[in-house]
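Q: Input structure: data_19.csv, which contains CSV, C-alpha atoms.
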chain,number,residue,atom,x,y,z
K,1027,MET,CA,-57.3,-5.4,-26.8
K,1028,SER,CA,-58.9,-5.3,-23.4
K,1029,GLU,CA,-56.1,-7.7,-22.2
K,1030,LEU,CA,-53.5,-5.3,-23.7
K,1031,ALA,CA,-55.2,-2.3,-21.9
K,1032,ARG,CA,-55.1,-4.2,-18.6
K,1033,ARG,CA,-51.5,-5.2,-19.0
K,1034,SER,CA,-50.3,-1.7,-20.0
K,1035,ASP,CA,-52.6,0.1,-17.6
K,1036,LEU,CA,-53.9,2.4,-20.3
K,1037,PRO,CA,-57.6,2.9,-21.5
K,1038,VAL,CA,-58.6,1.1,-24.7
K,1039,ALA,CA,-59.4,4.5,-26.3
K,1040,THR,CA,-55.8,5.6,-25.8
K,1041,ILE,CA,-54.5,2.4,-27.3
K,1042,LYS,CA,-56.8,2.9,-30.3
K,1043,TYR,CA,-55.6,6.5,-30.6
K,1044,TYR,CA,-51.9,5.4,-30.6
K,1045,LEU,CA,-52.7,2.8,-33.3
K,1046,ARG,CA,-54.3,5.5,-35.5
K,1047,GLU,CA,-51.3,7.8,-34.9
K,1048,ASP,CA,-48.8,5.1,-35.8
K,1049,LEU,CA,-47.2,5.0,-32.4
K,1050,LEU,CA,-48.1,1.3,-32.0
K,1051,HIS,CA,-47.8,-1.5,-34.5
K,1052,HIS,CA,-51.0,-3.4,-35.3
K,1053,GLY,CA,-51.6,-6.8,-33.9
K,1054,GLU,CA,-52.0,-10.0,-35.9
K,1055,ALA,CA,-55.6,-10.3,-37.2
K,1056,VAL,CA,-57.5,-13.3,-35.8
K,1057,GLY,CA,-61.0,-13.1,-37.2
K,1058,ALA,CA,-62.9,-10.0,-38.4
K,1059,THR,CA,-62.9,-8.0,-35.2
K,1060,ARG,CA,-60.1,-9.4,-33.1
K,1061,ALA,CA,-56.3,-9.1,-33.2
K,1062,GLN,CA,-53.6,-10.8,-31.3
K,1063,TYR,CA,-51.2,-8.6,-29.3
K,1064,ASP,CA,-47.9,-9.8,-27.8
K,1065,GLU,CA,-45.1,-8.7,-25.4
K,1066,SER,CA,-43.8,-6.3,-28.1
K,1067,HIS,CA,-47.0,-4.3,-27.9
K,1068,VAL,CA,-46.9,-4.0,-24.1
K,1069,ARG,CA,-43.3,-2.9,-24.2
K,1070,ARG,CA,-44.0,-0.3,-26.9
K,1071,LEU,CA,-46.9,1.1,-25.0
K,1072,ARG,CA,-44.8,1.5,-21.9
K,1073,LEU,CA,-42.1,3.3,-23.9
K,1074,VAL,CA,-44.7,5.7,-25.6
K,1075,ARG,CA,-46.2,6.4,-22.2
K,1076,ALA,CA,-42.8,7.2,-20.6
K,1077,LEU,CA,-41.8,9.5,-23.5
K,1078,ILE,CA,-45.0,11.4,-23.1
K,1079,GLU,CA,-45.5,11.4,-19.4
K,1080,VAL,CA,-42.0,11.5,-18.1
K,1081,ALA,CA,-40.0,13.1,-20.8
K,1082,GLY,CA,-42.9,15.5,-21.7
K,1083,MET,CA,-42.5,14.9,-25.4
K,1084,ARG,CA,-45.0,15.8,-28.0
K,1085,LEU,CA,-46.5,13.0,-30.3
K,1086,ASP,CA,-44.5,14.2,-33.3
K,1087,ASP,CA,-41.3,13.9,-31.4
K,1088,VAL,CA,-42.3,10.5,-29.9
K,1089,ARG,CA,-42.9,9.2,-33.5
K,1090,ARG,CA,-39.4,10.4,-34.6
K,1091,VAL,CA,-37.7,8.6,-31.7
K,1092,LEU,CA,-39.7,5.4,-32.4
K,1093,ASP,CA,-38.7,5.7,-36.1
K,1094,ALA,CA,-35.0,5.8,-35.1
K,1095,ILE,CA,-35.4,2.8,-32.9
K,1096,ASP,CA,-37.2,0.8,-35.6
K,1097,ASP,CA,-35.0,1.8,-38.6
K,1098,GLU,CA,-33.2,-1.5,-39.4
K,1099,SER,CA,-31.0,0.2,-42.0
K,1100,LEU,CA,-29.2,2.1,-39.2
K,1101,SER,CA,-26.1,0.6,-37.6
K,1102,TRP,CA,-26.0,0.4,-33.8
K,1103,HIS,CA,-24.0,3.5,-33.5
K,1104,GLU,CA,-26.0,5.4,-36.2
K,1105,ALA,CA,-29.3,4.5,-34.4
K,1106,ILE,CA,-28.1,6.1,-31.2
K,1107,GLY,CA,-26.8,9.1,-33.1
K,1108,SER,CA,-30.0,9.4,-35.1
K,1109,ALA,CA,-32.2,9.1,-32.0
K,1110,HIS,CA,-30.1,11.7,-30.3
K,1111,THR,CA,-30.4,14.1,-33.2
K,1112,ARG,CA,-34.1,13.7,-33.2
K,1113,LEU,CA,-34.3,14.2,-29.5
K,1114,ALA,CA,-32.3,17.4,-29.8
K,1115,GLN,CA,-33.9,20.5,-28.3
K,1116,PRO,CA,-34.7,23.4,-30.7
K,1117,VAL,CA,-32.3,26.2,-30.3
K,1118,ASN,CA,-33.9,29.6,-29.3
K,1119,ALA,CA,-30.9,31.8,-29.0
K,1120,THR,CA,-28.3,32.7,-31.6
K,1121,ALA,CA,-24.6,32.5,-31.1
K,1122,SER,CA,-21.6,34.4,-32.5
K,1123,ASP,CA,-18.5,33.0,-34.1
K,1124,ALA,CA,-16.7,33.6,-30.9
K,1125,GLU,CA,-19.0,31.2,-29.0
K,1126,ARG,CA,-18.7,28.6,-31.8
K,1127,GLU,CA,-14.9,28.8,-31.5
K,1128,ARG,CA,-15.1,28.2,-27.8
K,1129,VAL,CA,-17.2,25.1,-28.4
K,1130,ASP,CA,-14.8,23.8,-31.0
K,1131,ALA,CA,-11.9,24.4,-28.6
K,1132,LEU,CA,-13.8,22.6,-25.8
K,1133,LEU,CA,-14.6,19.6,-28.1
K,1134,ALA,CA,-10.9,19.5,-29.2
K,1135,ARG,CA,-9.6,19.5,-25.6
K,1136,HIS,CA,-11.7,16.5,-24.8
K,1137,ASP,CA,-11.0,14.7,-28.1
K,1138,TRP,CA,-14.6,14.7,-29.1
K,1139,GLU,CA,-15.9,14.7,-32.7
K,1140,LEU,CA,-19.4,15.6,-33.9
K,1141,ALA,CA,-21.3,14.2,-36.8
K,1142,GLU,CA,-21.5,16.6,-39.7
K,1143,GLN,CA,-25.3,17.3,-39.3
K,1144,SER,CA,-25.1,17.4,-35.5
K,1145,ARG,CA,-27.1,20.3,-33.9
K,1146,HIS,CA,-25.1,19.9,-30.7
K,1147,ARG,CA,-22.5,22.5,-31.7
K,1148,ASP,CA,-25.0,25.2,-32.4
K,1149,ALA,CA,-27.0,24.3,-29.3
K,1150,LEU,CA,-23.9,24.6,-27.1
K,1151,ALA,CA,-22.8,27.9,-28.7
K,1152,ALA,CA,-26.3,29.3,-28.2
K,1153,ALA,CA,-26.3,28.3,-24.5
K,1154,LEU,CA,-22.9,30.0,-24.1
K,1155,ALA,CA,-24.2,33.1,-25.8
K,1156,SER,CA,-27.2,33.3,-23.4
K,1157,LEU,CA,-24.9,33.0,-20.4
K,1158,ALA,CA,-22.6,35.6,-21.7
K,1159,ALA,CA,-25.5,38.0,-22.6
K,1160,LEU,CA,-26.6,37.7,-19.0
K,1161,GLY,CA,-23.2,38.6,-17.7
K,1162,HIS,CA,-22.4,35.1,-16.4
K,1163,PRO,CA,-20.2,33.5,-19.0
K,1164,PRO,CA,-18.9,30.1,-17.7
K,1165,SER,CA,-15.1,29.9,-17.5
K,1166,ASP,CA,-13.1,27.3,-19.4
K,1167,GLU,CA,-12.5,25.5,-16.0
K,1168,THR,CA,-16.3,25.2,-15.5
K,1169,LEU,CA,-16.8,23.9,-19.0
K,1170,ASP,CA,-14.0,21.4,-18.6
K,1171,THR,CA,-15.5,20.2,-15.3
K,1172,TYR,CA,-18.8,19.7,-17.0
K,1173,ALA,CA,-17.2,17.8,-19.9
K,1174,GLU,CA,-15.3,15.6,-17.5
K,1175,ALA,CA,-18.5,14.8,-15.6
K,1176,ALA,CA,-20.3,14.1,-18.9
K,1177,ASN,CA,-17.5,11.7,-19.9
K,1178,LEU,CA,-17.7,9.9,-16.6
K,1179,ILE,CA,-21.4,9.4,-17.1
K,1180,SER,CA,-21.3,8.4,-20.8
K,1181,GLU,CA,-18.6,5.7,-20.2
K,1182,ARG,CA,-21.0,4.2,-17.6
K,1183,ASP,CA,-24.0,4.6,-19.9
K,1184,VAL,CA,-22.4,2.9,-22.9
K,1185,SER,CA,-20.9,0.1,-20.8
K,1186,SER,CA,-24.3,-0.7,-19.4
K,1187,LEU,CA,-25.7,-1.3,-22.9
K,1188,LYS,CA,-26.3,-5.0,-23.3
K,1189,GLU,CA,-25.5,-6.3,-26.7
K,1190,THR,CA,-28.7,-8.4,-27.0
K,1191,ASP,CA,-31.7,-7.8,-29.3
K,1192,ARG,CA,-31.0,-4.7,-31.5
K,1193,ALA,CA,-34.4,-3.1,-31.0
K,1194,GLU,CA,-34.2,-3.7,-27.3
K,1195,ALA,CA,-30.7,-2.2,-27.0
K,1196,ALA,CA,-31.7,0.8,-29.1
K,1197,GLU,CA,-34.8,1.3,-26.9
K,1198,HIS,CA,-32.6,1.0,-23.8
K,1199,ALA,CA,-30.2,3.7,-25.2
K,1200,VAL,CA,-33.1,6.1,-25.9
K,1201,VAL,CA,-34.9,5.4,-22.7
K,1202,SER,CA,-31.8,5.8,-20.6
K,1203,THR,CA,-30.7,9.0,-22.4
K,1204,LEU,CA,-34.1,10.6,-21.8
K,1205,LEU,CA,-35.1,9.3,-18.5
K,1206,LEU,CA,-31.7,9.6,-16.8
K,1207,GLU,CA,-31.7,13.3,-17.8
K,1208,PRO,CA,-34.0,14.3,-15.0
K,1209,VAL,CA,-32.1,12.1,-12.6
K,1210,LEU,CA,-28.9,13.9,-13.4
K,1211,LEU,CA,-30.4,17.3,-13.2
K,1212,ILE,CA,-32.0,16.6,-9.8
K,1213,LEU,CA,-28.8,15.1,-8.4
K,1214,ARG,CA,-26.9,18.2,-9.6
K,1215,ARG,CA,-29.3,20.4,-7.6
K,1216,VAL,CA,-29.2,18.1,-4.5
K,1217,ALA,CA,-25.4,18.2,-4.7
K,1218,GLN,CA,-25.4,22.0,-5.2
K,1219,GLU,CA,-27.6,22.5,-2.1
K,1220,ASN,CA,-25.3,20.3,-0.1
K,1221,SER,CA,-22.1,21.9,-1.3
K,1222,SER,CA,-23.7,25.3,-0.6
K,1223,ARG,CA,-24.7,24.4,2.9
K,1224,ARG,CA,-21.3,22.9,3.8
K,1225,ARG,CA,-19.6,26.1,2.7
K,1226,ALA,CA,-22.1,28.2,4.8
K,1227,MET,CA,-21.3,26.3,7.9
Y,107,MET,CA,-38.0,54.0,-21.6
Y,108,SER,CA,-36.8,54.1,-25.2
Y,109,GLU,CA,-33.2,54.1,-24.0
Y,110,LEU,CA,-34.0,51.0,-21.9
Y,111,ALA,CA,-35.6,49.3,-24.9
Y,112,ARG,CA,-32.4,50.0,-26.9
Y,113,ARG,CA,-30.0,48.7,-24.3
Y,114,SER,CA,-32.0,45.6,-23.5
Y,115,ASP,CA,-32.9,44.9,-27.2
Y,116,LEU,CA,-36.6,44.5,-26.4
Y,117,PRO,CA,-39.6,46.3,-27.7
Y,118,VAL,CA,-41.1,49.1,-25.5
Y,119,ALA,CA,-44.4,47.2,-25.5
Y,120,THR,CA,-42.7,44.1,-24.0
Y,121,ILE,CA,-41.1,46.2,-21.3
Y,122,LYS,CA,-44.4,47.8,-20.4
Y,123,TYR,CA,-46.0,44.4,-20.3
Y,124,TYR,CA,-43.2,43.2,-17.9
Y,125,LEU,CA,-43.8,46.2,-15.7
Y,126,ARG,CA,-47.6,45.5,-15.5
Y,127,GLU,CA,-46.9,41.8,-14.8
Y,128,ASP,CA,-44.5,42.7,-11.9
Y,129,LEU,CA,-41.5,41.1,-13.6
Y,130,LEU,CA,-39.7,44.4,-13.6
Y,131,HIS,CA,-39.4,47.1,-10.9
Y,132,HIS,CA,-40.6,50.6,-11.8
Y,133,GLY,CA,-38.1,53.4,-12.5
Y,134,GLU,CA,-37.8,56.5,-10.4
Y,135,ALA,CA,-40.4,59.1,-11.6
Y,136,VAL,CA,-38.8,62.2,-13.1
Y,137,GLY,CA,-41.8,64.4,-14.1
Y,138,ALA,CA,-45.3,63.3,-15.0
Y,139,THR,CA,-44.6,61.0,-18.0
Y,140,ARG,CA,-40.9,60.1,-17.6
Y,141,ALA,CA,-39.1,57.7,-15.4
Y,142,GLN,CA,-35.4,57.1,-14.8
Y,143,TYR,CA,-34.1,53.5,-15.3
Y,144,ASP,CA,-30.7,52.3,-14.3
Y,145,GLU,CA,-28.4,49.3,-14.7
Y,146,SER,CA,-30.6,47.2,-12.4
Y,147,HIS,CA,-33.4,47.4,-15.0
Y,148,VAL,CA,-31.2,46.4,-17.9
Y,149,ARG,CA,-29.9,43.4,-15.8
Y,150,ARG,CA,-33.4,42.3,-14.8
Y,151,LEU,CA,-34.7,42.5,-18.3
Y,152,ARG,CA,-31.8,40.3,-19.5
Y,153,LEU,CA,-32.6,37.7,-16.8
Y,154,VAL,CA,-36.4,37.7,-17.5
Y,155,ARG,CA,-35.6,37.2,-21.2
Y,156,ALA,CA,-33.2,34.3,-20.6
Y,157,LEU,CA,-35.6,32.6,-18.2
Y,158,ILE,CA,-38.4,32.8,-20.8
Y,159,GLU,CA,-36.5,32.3,-24.1
Y,160,VAL,CA,-33.7,29.9,-23.0
Y,161,ALA,CA,-35.1,28.1,-20.0
Y,162,GLY,CA,-38.6,28.1,-21.6
Y,163,MET,CA,-40.3,29.1,-18.3
Y,164,ARG,CA,-43.8,30.4,-18.0
Y,165,LEU,CA,-44.4,33.9,-16.6
Y,166,ASP,CA,-45.7,32.5,-13.3
Y,167,ASP,CA,-42.6,30.5,-12.8
Y,168,VAL,CA,-40.4,33.4,-13.8
Y,169,ARG,CA,-42.1,35.5,-11.1
Y,170,ARG,CA,-41.5,32.8,-8.5
Y,171,VAL,CA,-37.8,32.7,-9.3
Y,172,LEU,CA,-37.5,36.5,-9.2
Y,173,ASP,CA,-39.3,36.5,-5.8
Y,174,ALA,CA,-36.7,34.1,-4.4
Y,175,ILE,CA,-33.9,36.3,-5.7
Y,176,ASP,CA,-35.4,39.4,-4.3
Y,177,ASP,CA,-36.5,38.0,-0.9
Y,178,GLU,CA,-34.0,39.7,1.5
Y,179,SER,CA,-35.3,37.7,4.5
Y,180,LEU,CA,-33.7,34.5,3.0
Y,181,SER,CA,-30.1,33.7,3.8
Y,182,TRP,CA,-27.7,33.0,1.0
Y,183,HIS,CA,-28.2,29.3,1.3
Y,184,GLU,CA,-31.9,29.5,1.7
Y,185,ALA,CA,-32.2,31.7,-1.4
Y,186,ILE,CA,-30.5,29.1,-3.5
Y,187,GLY,CA,-32.6,26.3,-2.0
Y,188,SER,CA,-35.8,28.3,-2.4
Y,189,ALA,CA,-35.1,29.2,-6.0
Y,190,HIS,CA,-34.3,25.5,-6.6
Y,191,THR,CA,-37.5,24.4,-5.1
Y,192,ARG,CA,-39.4,26.9,-7.2
Y,193,LEU,CA,-37.5,25.7,-10.3
Y,194,ALA,CA,-38.4,22.1,-9.6
Y,195,GLN,CA,-40.2,20.2,-12.3
Y,196,PRO,CA,-43.6,18.9,-11.5
Y,197,VAL,CA,-43.6,15.1,-11.0
Y,198,ASN,CA,-45.8,13.2,-13.4
Y,199,ALA,CA,-45.1,9.6,-12.3
Y,200,THR,CA,-45.7,7.9,-9.0
Y,201,ALA,CA,-43.1,6.0,-7.0
Y,202,SER,CA,-43.4,3.0,-4.6
Y,203,ASP,CA,-41.8,2.7,-1.2
Y,204,ALA,CA,-39.1,0.6,-2.8
Y,205,GLU,CA,-37.9,3.4,-5.0
Y,206,ARG,CA,-38.0,5.9,-2.2
Y,207,GLU,CA,-35.8,3.6,-0.2
Y,208,ARG,CA,-33.4,3.4,-3.1
Y,209,VAL,CA,-33.2,7.2,-3.2
Y,210,ASP,CA,-32.6,7.4,0.5
Y,211,ALA,CA,-29.8,4.8,0.3
Y,212,LEU,CA,-28.3,6.8,-2.6
Y,213,LEU,CA,-28.4,10.1,-0.6
Y,214,ALA,CA,-26.9,8.4,2.4
Y,215,ARG,CA,-24.1,6.8,0.4
Y,216,HIS,CA,-23.1,10.3,-0.8
Y,217,ASP,CA,-23.6,12.0,2.5
Y,218,TRP,CA,-26.4,14.2,1.2
Y,219,GLU,CA,-29.2,15.8,3.1
Y,220,LEU,CA,-32.4,17.2,1.8
Y,221,ALA,CA,-34.6,20.1,3.1
Y,222,GLU,CA,-37.8,18.8,4.7
Y,223,GLN,CA,-40.1,20.2,2.0
Y,224,SER,CA,-37.8,19.3,-0.8
Y,225,ARG,CA,-39.5,17.7,-3.8
Y,226,HIS,CA,-36.2,16.2,-5.1
Y,227,ARG,CA,-36.7,12.9,-3.2
Y,228,ASP,CA,-40.1,12.3,-4.8
Y,229,ALA,CA,-38.9,13.5,-8.2
Y,230,LEU,CA,-35.9,11.0,-8.1
Y,231,ALA,CA,-38.1,8.2,-6.9
Y,232,ALA,CA,-40.6,8.9,-9.7
Y,233,ALA,CA,-37.8,8.9,-12.3
Y,234,LEU,CA,-36.6,5.5,-11.0
Y,235,ALA,CA,-40.1,4.1,-11.1
Y,236,SER,CA,-40.5,5.1,-14.7
Y,237,LEU,CA,-37.2,3.5,-15.7
Y,238,ALA,CA,-38.1,0.3,-13.8
Y,239,ALA,CA,-41.6,0.2,-15.4
Y,240,LEU,CA,-39.9,0.3,-18.8
Y,241,GLY,CA,-37.7,-2.6,-17.9
Y,242,HIS,CA,-34.5,-0.4,-17.7
Y,243,PRO,CA,-33.9,0.1,-14.0
Y,244,PRO,CA,-30.5,1.8,-13.4
Y,245,SER,CA,-28.0,-0.2,-11.3
Y,246,ASP,CA,-26.6,1.2,-8.1
Y,247,GLU,CA,-23.3,1.6,-9.9
Y,248,THR,CA,-25.0,3.8,-12.5
Y,249,LEU,CA,-26.7,5.9,-9.9
Y,250,ASP,CA,-23.4,6.3,-8.0
Y,251,THR,CA,-21.6,7.4,-11.1
Y,252,TYR,CA,-24.3,10.0,-11.8
Y,253,ALA,CA,-24.0,11.2,-8.2
Y,254,GLU,CA,-20.2,11.4,-8.4
Y,255,ALA,CA,-20.5,13.5,-11.6
Y,256,ALA,CA,-23.1,15.7,-10.0
Y,257,ASN,CA,-20.8,16.3,-7.0
Y,258,LEU,CA,-17.9,17.1,-9.3
Y,259,ILE,CA,-20.0,19.7,-11.0
Y,260,SER,CA,-21.6,21.2,-7.9
Y,261,GLU,CA,-18.3,21.8,-6.2
Y,262,ARG,CA,-17.2,23.8,-9.3
Y,263,ASP,CA,-20.6,25.6,-9.4
Y,264,VAL,CA,-20.5,26.7,-5.8
Y,265,SER,CA,-16.8,27.7,-5.9
Y,266,SER,CA,-17.5,29.9,-8.9
Y,267,LEU,CA,-20.1,31.9,-6.9
Y,268,LYS,CA,-18.6,35.3,-6.2
Y,269,GLU,CA,-19.4,36.7,-2.8
Y,270,THR,CA,-20.2,40.1,-4.0
Y,271,ASP,CA,-23.6,41.8,-4.1
Y,272,ARG,CA,-26.3,39.4,-2.7
Y,273,ALA,CA,-28.9,40.0,-5.4
Y,274,GLU,CA,-26.2,39.5,-8.1
Y,275,ALA,CA,-24.9,36.4,-6.5
Y,276,ALA,CA,-28.4,34.9,-6.2
Y,277,GLU,CA,-29.1,35.8,-9.8
Y,278,HIS,CA,-25.8,34.1,-10.8
Y,279,ALA,CA,-26.8,30.9,-8.9
Y,280,VAL,CA,-30.2,30.7,-10.6
Y,281,VAL,CA,-28.9,31.6,-14.0
Y,282,SER,CA,-26.1,29.1,-13.8
Y,283,THR,CA,-28.4,26.4,-12.5
Y,284,LEU,CA,-30.9,26.9,-15.3
Y,285,LEU,CA,-28.7,27.8,-18.2
Y,286,LEU,CA,-25.9,25.3,-17.6
Y,287,GLU,CA,-28.5,22.5,-17.5
Y,288,PRO,CA,-28.8,22.3,-21.3
Y,289,VAL,CA,-25.0,22.6,-21.5
Y,290,LEU,CA,-24.6,19.5,-19.3
Y,291,LEU,CA,-27.3,17.5,-21.2
Y,292,ILE,CA,-25.8,18.3,-24.6
Y,293,LEU,CA,-22.3,17.4,-23.4
Y,294,ARG,CA,-23.6,14.1,-22.1
Y,295,ARG,CA,-25.0,13.3,-25.5
Y,296,VAL,CA,-21.8,14.4,-27.3
Y,297,ALA,CA,-19.8,12.2,-24.9
Y,298,GLN,CA,-22.2,9.2,-25.4
Y,299,GLU,CA,-21.9,9.4,-29.1
Y,300,ASN,CA,-18.1,9.5,-28.8
Y,301,SER,CA,-18.0,6.7,-26.3
Y,302,SER,CA,-20.3,4.7,-28.5
Y,303,ARG,CA,-18.3,5.3,-31.7
Y,304,ARG,CA,-15.0,4.4,-30.0
Y,305,ARG,CA,-16.5,1.1,-28.8
Y,306,ALA,CA,-17.8,0.4,-32.3
Y,307,MET,CA,-14.3,0.7,-33.9
Can you turn what I pasted into C-alpha cells?

A:
Amino acid sequence: MSELARRSDLPVATIKYYLREDLLHHGEAVGATRAQYDESHVRRLRLVRALIEVAGMRLDDVRRVLDAIDDESLSWHEAIGSAHTRLAQPVNATASDAERERVDALLARHDWELAEQSRHRDALAAALASLAALGHPPSDETLDTYAEAANLISERDVSSLKETDRAEAAEHAVVSTLLLEPVLLILRRVAQENSSRRRAM
Amino acid sequence: MSELARRSDLPVATIKYYLREDLLHHGEAVGATRAQYDESHVRRLRLVRALIEVAGMRLDDVRRVLDAIDDESLSWHEAIGSAHTRLAQPVNATASDAERERVDALLARHDWELAEQSRHRDALAAALASLAALGHPPSDETLDTYAEAANLISERDVSSLKETDRAEAAEHAVVSTLLLEPVLLILRRVAQENSSRRRAM
C-alpha cells in the first residue's frame, strides 16, 4: 500500500478512501494485513485522479465512467457511446420544437445518427434555445462550421485509438474525450484572440 | 419593476437581488418608489441568467465578465481578451518545462501569439501534463488537427461579430464564446460516436 501511494503520488488515506468508494479494485491478499497491488492499480489511480482534478468530476460521475470502461458486456463502440452518455452534462435550459428541428436538420446535413437514448439532441437544442433567448442565435453557417470542425477532430480522435487491450483502449477513449476538451476550448480562445487582433490591425 | 419581471421571466425578488449585487444597473428614478427600466435592463437580465444557468458561472465570475463588457476604456480587441482572461478556468495540474515548450512550438506552428498575462499557455501545458501522466500524451498531429479546427471556428466566430453598438458586440462575443462551447463539445461527441460506428461496420 505504501509502495502504491509512492508510485501514484497519492496519500495512503486517499487510496483507502477510493477502495471504500469502489473507485479502485482491491489488491490480491497476501497474508492477513497485506495485499499485492500491480500496474493496473497505479493506472486506475492516475485515471481517477485526472477525472477528479482535471475534468472536475464528482465521485458519482467518476464511478459511472469507470463502470462503462469495466463493463465487459459492452462492445467497443457501445463502451464509447455508454461512457459518453454517462459523461453528458445535465441540461439546464429547455428547448422548443423549433430548436429540436434545427438540431435534426443539422444532424441530417452532416449525415450523423444518434442513439435512441442519447441526450445530445436535447442538450444541443437547449444550447440553441439559450443563445436565441439572449438574442444571439447562431446561423446555420456557424453551426455547419462547428460541425465541420468537430468532424475533423473526431476522425483524428478515432484513428488514434489503438486496437490493443480493450480496457486500455476504452480508457484512452474516455481520457481523450475528457482531457482534450479543455485543450480544444483553450485553443478556440487563443485562435479567437488572434483572429480578432488580425482584423483589428 | 413588475413589468421588468414579466418581460425577463424572473421573480421580482431575483431582480432586486441582482440590483443589490451590482449585476444590474439601477433604473431611472421616477418618484419616490418607482423607477423606469428600459431595453438595456431586459437584455442584461437575460445575459446574467444565461451566464448563471447555462454557463454555470458563480456570481463573482459573472460580475467580472460584466465588468469587462462595460469597461469603456478597453478597445474592442482588449475587451474580448479581458473577458476571455476572466472566463479562463483555474488550472489544477502543474506542467513541466517540456510541456510548456510543446505548447510554444504548437503556437509557433500556427502563427499564434498570446498576451503577456495570458493564462492559456499554462492551462494548455497543464492539460498536456495530465494526458501524459495518464499515459495518453496527444501526438503533434492530434494537436495540429485541434488547432486547425479551432482556427476554422474562430474565423467564423470573429466574422459573425457585427460592428454595431460596442456593448452589444462585446456581449455577443462573450455570450458566443461561452454558450457555443457546449455546442462544440457535444458536436465533437456526436461526431466521435459516428466515426466510431462507421469504423466498426

Q: Just how far from CA of Thr283 in chain Y is CA of Arg1215 in chain K, in Å to one decimal?

A: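 CA of Arg1215 in chain K sits 7.8 Å away from CA of Thr283 in chain Y.
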
Q: With a distance cut-off of 7 Å and only C-alpha atoms, select the neighbouring residues of range 161-172 of chain Y, excluding the residue or stretch itself and same-chain residues fewer than 3 positions from it, and output the selection as a count of residues only.

A: 11

Q: Between CA of Leu1036 in chain K and CA of Arg1075 in chain K, measure the distance and give it in Å to one decimal.

A: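 Value for the CA of Leu1036 in chain K-CA of Arg1075 in chain K distance: 8.9 Å.
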
Q: Can you tell me how far CA of Asp1183 in chain K sits from CA of Leu1154 in chain K, in Å to one decimal?

A: 25.8 Å

Q: Considering only C-alpha atoms, state which residue in the set Y:Glu127, Y:Asp203, Y:Asp177, Y:Glu159 is at the smallest distance from chain K.

A: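 Closest candidate: Y:Glu159.
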
Q: Taking into account all atoms listed in the file, which residue in the set Y:Ala221, Y:Val281, Y:Ala235, Y:Leu293 is nearest to Thr1171 in chain K?

A: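 With all atoms listed in the file as the atom set, the closest residue is Y:Leu293.
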
Q: Could you give me, as a CSV table (one decimal) with C-alpha atoms, in the frame of the given file, the residues within 12 Å of Asp1166 in chain K, counting only C-alpha atoms and dropping anything in the same chain fewer than 6 positions from it?

A:
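Output (part.csv):
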chain,number,residue,atom,x,y,z
K,1125,GLU,CA,-19.0,31.2,-29.0
K,1128,ARG,CA,-15.1,28.2,-27.8
K,1129,VAL,CA,-17.2,25.1,-28.4
K,1131,ALA,CA,-11.9,24.4,-28.6
K,1132,LEU,CA,-13.8,22.6,-25.8
K,1133,LEU,CA,-14.6,19.6,-28.1
K,1135,ARG,CA,-9.6,19.5,-25.6
K,1154,LEU,CA,-22.9,30.0,-24.1
K,1172,TYR,CA,-18.8,19.7,-17.0
K,1173,ALA,CA,-17.2,17.8,-19.9
Y,262,ARG,CA,-17.2,23.8,-9.3
Y,266,SER,CA,-17.5,29.9,-8.9
